[in-house]
Amino acid sequence: MKSTIGLILRIAVAVASLLFIGWKVHDQLAGGIAGIGSLSAVPMLAAVALMPLNWLTEAFKWRLLTAHLQELNIWQSAKSVLAGLAVSMLTPNRVGDFAGRIALLKPENRTAGAMSAFVGGYAQMLAIAVLGVVAFGFRPALPDFLSVAAGHHALTMCVLLVFVAVLSGFYFAAKLMAARFRFSRWAWLERFIGAAGLHSNNQLATAFGLSVCRSLIFMLQLWLMLAAAGVHLEAVEAFCSIALMYCFVSVVPTFALVEWGVRGSMALLFIAGQPTQIVTATTVLWIVNVAVPAAVGAFIGVLKTRRI
């Protein structure tokens with residue numbers, strides 16, 4: 001009886017999740033994305049083809065970070081990642097991602113798994129920050145709201161480098177910090193350092209490298225989707241504009257279900273082109289990279305009754 005009720009609840013949540021995702025996708029397409037039918041097929045299909053590589057890269061990272069807890073094959077790791085994506089759709093800045101991921105781990109591994117998810121998220125944030133600083137260093141022109149930073153480019157660059165160095169220190173020097181320091185007033189920081197300290201330096205470096213690769217993949221996807229929409233950018237300009245855009249998107253509080261709108265508005269600030277074309281590209285890419293995998297994750301994470 002108890003298992004039957006649990007199954008019914010899982011089915012209900014899965015259906016509700018899928019309907020909600022479908023409604024948001026329909027709402028976006030009906031919200032003025034008139035140019036979707038005019039997308040060029042070749043670059044659009046190339047961007048879509050990179051979606052599995054995007055999430056497989058994240059699956060390899062999750063498998064690496066949970067290796068000390070539970071042995072997962074790449075398929076099991078991918079299922080955990082997609083389940084986490086489905087849960088994160090309704091939480092600010094995808095903070096619920098860890099809940100979906102650890103649900104498919106053994107019960108005794110879930111607490112430590114949550115911290116491993118935090119380490120993986122930190123690695124992704126650090127990768128985006130590093131690419132954003134590189135982009136800031138190369139980009140000759142910036143939006144008006146960054147005019148002060150552009151006017152003091154050298155000083156701003158120094159501040160950004162120090163900031164990234166501090167972020168990197170918390171990540172790569174976790175073992176040393178865990179052994180020598182206590183951060184009792186910042187419990188979350190102490191938990192993070194303790195969790196990161198459970199991984200070897202090679203694992204942390206590999207996780208960071210995979211995060212950089214994943215960031216470059218979805219930057220390439222957006223570049224291709226922009227080209228499909230008729231916005232053609234040179235390689236350096238595309239890298240700088242998209243890297244800075246993702247940097248700002250990553251620090252703006254939002255929900256995954258409205259993230260497409262934030263990305264669209266940020267893209268209009270950083271990318272030169274027709275607004276309709278830019279919003280079309282960012283919205284279609286959100287559907288490809290987030291909505292579709294989240295729908296798959298809803299089935300995997302909610303309907304899956306056999307533990308991995």
# chains A, B, ... in the order shown; residues from 1 in each chain; ligands from 1
>>> select_by_dssp(residues="range 32-138 of chain A", states="helix (DSSP H, G or I)", output="NGL selection string")
:A and (34-38 or 41-49 or 51-65 or 74-88 or 97-102 or 107-138)
>>> closest_residue(among="A:Leu269, A:Val290, A:Ala243, A:Ala127", to="Gly84 in chain A", atoms="only C-alpha atoms")
A:Val290
>>> residues_around(residues="range 273-277 of chain A", least_positions_apart="4", cutoff="7 Å", atoms="only C-alpha atoms", output="list in words")
Gly35, Ala229, Gly230, Val231, Leu268 and Ala281 of chain A
>>> write_last_selection(atoms="C-alpha atoms", output="PDB file, in the first residue's frame")
ATOM      1  CA  GLY A  35      11.755  34.487 -36.035  1.00  0.00           C
ATOM      2  CA  ALA A 229      19.178  33.571 -36.267  1.00  0.00           C
ATOM      3  CA  GLY A 230      21.211  35.866 -38.526  1.00  0.00           C
ATOM      4  CA  VAL A 231      23.569  37.423 -35.950  1.00  0.00           C
ATOM      5  CA  LEU A 268      20.788  42.298 -25.672  1.00  0.00           C
ATOM      6  CA  ALA A 281      18.546  32.496 -30.384  1.00  0.00           C
TER       7      ALA A 281
END
>>> residues_around(residues="Ala205 in chain A", least_positions_apart="4", cutoff="12 Å", atoms="only C-alpha atoms", output="list in words")
Lys61, Leu64, Leu65, Val119, Gly120, Ala123, Gln124, Leu126, Ala127, Ser168, Tyr171, Phe172, Ala173, Ala196, His199, Ser200, Asn201, Gly209, Leu210, Ser211 and Val212 of chain A
>>> write_last_selection(atoms="C-alpha atoms", output="short mmCIF file (atom, residue, chain, number, x, y, z; two decimals), in the first residue's frame")
data_model
loop_
_atom_site.label_atom_id
_atom_site.label_comp_id
_atom_site.auth_asym_id
_atom_site.auth_seq_id
_atom_site.Cartn_x
_atom_site.Cartn_y
_atom_site.Cartn_z
CA LYS A 61 32.22 15.63 -13.62
CA LEU A 64 34.33 12.04 -10.76
CA LEU A 65 33.14 13.97 -7.69
CA VAL A 119 31.81 21.47 -5.08
CA GLY A 120 30.80 20.78 -8.69
CA ALA A 123 33.86 24.57 -10.06
CA GLN A 124 31.37 25.66 -12.75
CA LEU A 126 34.83 29.45 -11.03
CA ALA A 127 35.18 28.41 -14.68
CA SER A 168 40.56 29.65 -6.78
CA TYR A 171 38.81 25.61 -4.31
CA PHE A 172 42.33 24.34 -4.94
CA ALA A 173 43.75 24.88 -1.45
CA ALA A 196 36.40 19.90 -1.30
CA HIS A 199 38.90 15.18 -3.23
CA SER A 200 42.44 14.97 -4.48
CA ASN A 201 44.02 17.95 -6.20
CA GLY A 209 38.81 21.50 -16.50
CA LEU A 210 35.51 19.77 -17.30
CA SER A 211 33.67 22.89 -16.09
CA VAL A 212 35.72 25.05 -18.46
#
>>> residues_around(residues="Ile300 in chain A", least_positions_apart="6", cutoff="10 Å", atoms="only C-alpha atoms", output="count of residues only")
12
>>> closest_residue(among="A:Ala165, A:Ala235, A:Ala49, A:Ile217", to="Arg139 in chain A", atoms="only C-alpha atoms")
A:Ala235
>>> residues_around(residues="range 244-250 of chain A", least_positions_apart="4", cutoff="7 Å", atoms="only C-alpha atoms", output="list in words")
Ile128, Ala129, Gly132, Ala135, Cys240, Val262, Arg263, Met266, Ala267 and Phe270 of chain A
>>> decode(residues="range 63-132 of chain A", atoms="C-alpha atoms", output="PDB file, in the first residue's frame")
ATOM      1  CA  ARG A  63      30.857  10.761 -11.661  1.00  0.00           C
ATOM      2  CA  LEU A  64      34.332  12.040 -10.758  1.00  0.00           C
ATOM      3  CA  LEU A  65      33.141  13.972  -7.693  1.00  0.00           C
ATOM      4  CA  THR A  66      31.113  11.051  -6.310  1.00  0.00           C
ATOM      5  CA  ALA A  67      33.743   8.369  -6.972  1.00  0.00           C
ATOM      6  CA  HIS A  68      34.777   8.356  -3.300  1.00  0.00           C
ATOM      7  CA  LEU A  69      31.151   7.749  -2.262  1.00  0.00           C
ATOM      8  CA  GLN A  70      29.610   5.421  -4.812  1.00  0.00           C
ATOM      9  CA  GLU A  71      30.730   3.850  -8.071  1.00  0.00           C
ATOM     10  CA  LEU A  72      28.562   5.187 -10.914  1.00  0.00           C
ATOM     11  CA  ASN A  73      28.825   4.401 -14.590  1.00  0.00           C
ATOM     12  CA  ILE A  74      28.387   7.291 -17.003  1.00  0.00           C
ATOM     13  CA  TRP A  75      24.733   6.423 -17.703  1.00  0.00           C
ATOM     14  CA  GLN A  76      23.872   6.415 -14.000  1.00  0.00           C
ATOM     15  CA  SER A  77      25.721   9.688 -13.539  1.00  0.00           C
ATOM     16  CA  ALA A  78      23.847  11.247 -16.467  1.00  0.00           C
ATOM     17  CA  LYS A  79      20.520  10.171 -14.954  1.00  0.00           C
ATOM     18  CA  SER A  80      21.449  11.845 -11.665  1.00  0.00           C
ATOM     19  CA  VAL A  81      22.449  15.053 -13.454  1.00  0.00           C
ATOM     20  CA  LEU A  82      19.200  15.240 -15.455  1.00  0.00           C
ATOM     21  CA  ALA A  83      17.125  14.463 -12.374  1.00  0.00           C
ATOM     22  CA  GLY A  84      18.884  17.340 -10.607  1.00  0.00           C
ATOM     23  CA  LEU A  85      18.104  19.636 -13.524  1.00  0.00           C
ATOM     24  CA  ALA A  86      14.404  18.749 -13.334  1.00  0.00           C
ATOM     25  CA  VAL A  87      14.223  19.553  -9.608  1.00  0.00           C
ATOM     26  CA  SER A  88      16.223  22.764 -10.029  1.00  0.00           C
ATOM     27  CA  MET A  89      13.634  24.198 -12.412  1.00  0.00           C
ATOM     28  CA  LEU A  90      11.521  25.461  -9.505  1.00  0.00           C
ATOM     29  CA  THR A  91      14.278  26.749  -7.215  1.00  0.00           C
ATOM     30  CA  PRO A  92      16.209  30.062  -7.231  1.00  0.00           C
ATOM     31  CA  ASN A  93      19.523  29.866  -9.083  1.00  0.00           C
ATOM     32  CA  ARG A  94      19.028  26.079  -9.381  1.00  0.00           C
ATOM     33  CA  VAL A  95      19.891  25.493  -5.736  1.00  0.00           C
ATOM     34  CA  GLY A  96      17.608  22.441  -5.778  1.00  0.00           C
ATOM     35  CA  ASP A  97      19.886  20.707  -8.260  1.00  0.00           C
ATOM     36  CA  PHE A  98      21.625  18.721  -5.516  1.00  0.00           C
ATOM     37  CA  ALA A  99      18.302  17.310  -4.250  1.00  0.00           C
ATOM     38  CA  GLY A 100      17.557  15.641  -7.564  1.00  0.00           C
ATOM     39  CA  ARG A 101      21.082  14.324  -7.937  1.00  0.00           C
ATOM     40  CA  ILE A 102      21.399  12.768  -4.501  1.00  0.00           C
ATOM     41  CA  ALA A 103      17.935  11.178  -4.720  1.00  0.00           C
ATOM     42  CA  LEU A 104      19.474   8.575  -7.014  1.00  0.00           C
ATOM     43  CA  LEU A 105      22.383   7.870  -4.665  1.00  0.00           C
ATOM     44  CA  LYS A 106      22.247   5.343  -1.850  1.00  0.00           C
ATOM     45  CA  PRO A 107      20.655   6.868   1.291  1.00  0.00           C
ATOM     46  CA  GLU A 108      23.874   6.683   3.290  1.00  0.00           C
ATOM     47  CA  ASN A 109      25.727   8.675   0.603  1.00  0.00           C
ATOM     48  CA  ARG A 110      23.267  11.521   0.133  1.00  0.00           C
ATOM     49  CA  THR A 111      24.592  13.980   2.715  1.00  0.00           C
ATOM     50  CA  ALA A 112      28.141  13.750   1.387  1.00  0.00           C
ATOM     51  CA  GLY A 113      26.738  13.736  -2.154  1.00  0.00           C
ATOM     52  CA  ALA A 114      25.039  17.090  -1.529  1.00  0.00           C
ATOM     53  CA  MET A 115      28.412  18.623  -0.665  1.00  0.00           C
ATOM     54  CA  SER A 116      29.975  17.048  -3.755  1.00  0.00           C
ATOM     55  CA  ALA A 117      27.235  18.709  -5.806  1.00  0.00           C
ATOM     56  CA  PHE A 118      28.159  21.998  -4.140  1.00  0.00           C
ATOM     57  CA  VAL A 119      31.815  21.468  -5.082  1.00  0.00           C
ATOM     58  CA  GLY A 120      30.800  20.781  -8.688  1.00  0.00           C
ATOM     59  CA  GLY A 121      28.657  23.912  -8.790  1.00  0.00           C
ATOM     60  CA  TYR A 122      31.528  25.952  -7.374  1.00  0.00           C
ATOM     61  CA  ALA A 123      33.857  24.571 -10.056  1.00  0.00           C
ATOM     62  CA  GLN A 124      31.373  25.659 -12.746  1.00  0.00           C
ATOM     63  CA  MET A 125      31.051  29.125 -11.218  1.00  0.00           C
ATOM     64  CA  LEU A 126      34.831  29.447 -11.032  1.00  0.00           C
ATOM     65  CA  ALA A 127      35.180  28.413 -14.679  1.00  0.00           C
ATOM     66  CA  ILE A 128      32.643  31.040 -15.782  1.00  0.00           C
ATOM     67  CA  ALA A 129      34.402  33.676 -13.650  1.00  0.00           C
ATOM     68  CA  VAL A 130      37.805  32.853 -15.168  1.00  0.00           C
ATOM     69  CA  LEU A 131      36.442  33.002 -18.724  1.00  0.00           C
ATOM     70  CA  GLY A 132      34.650  36.254 -17.889  1.00  0.00           C
TER      71      GLY A 132
END
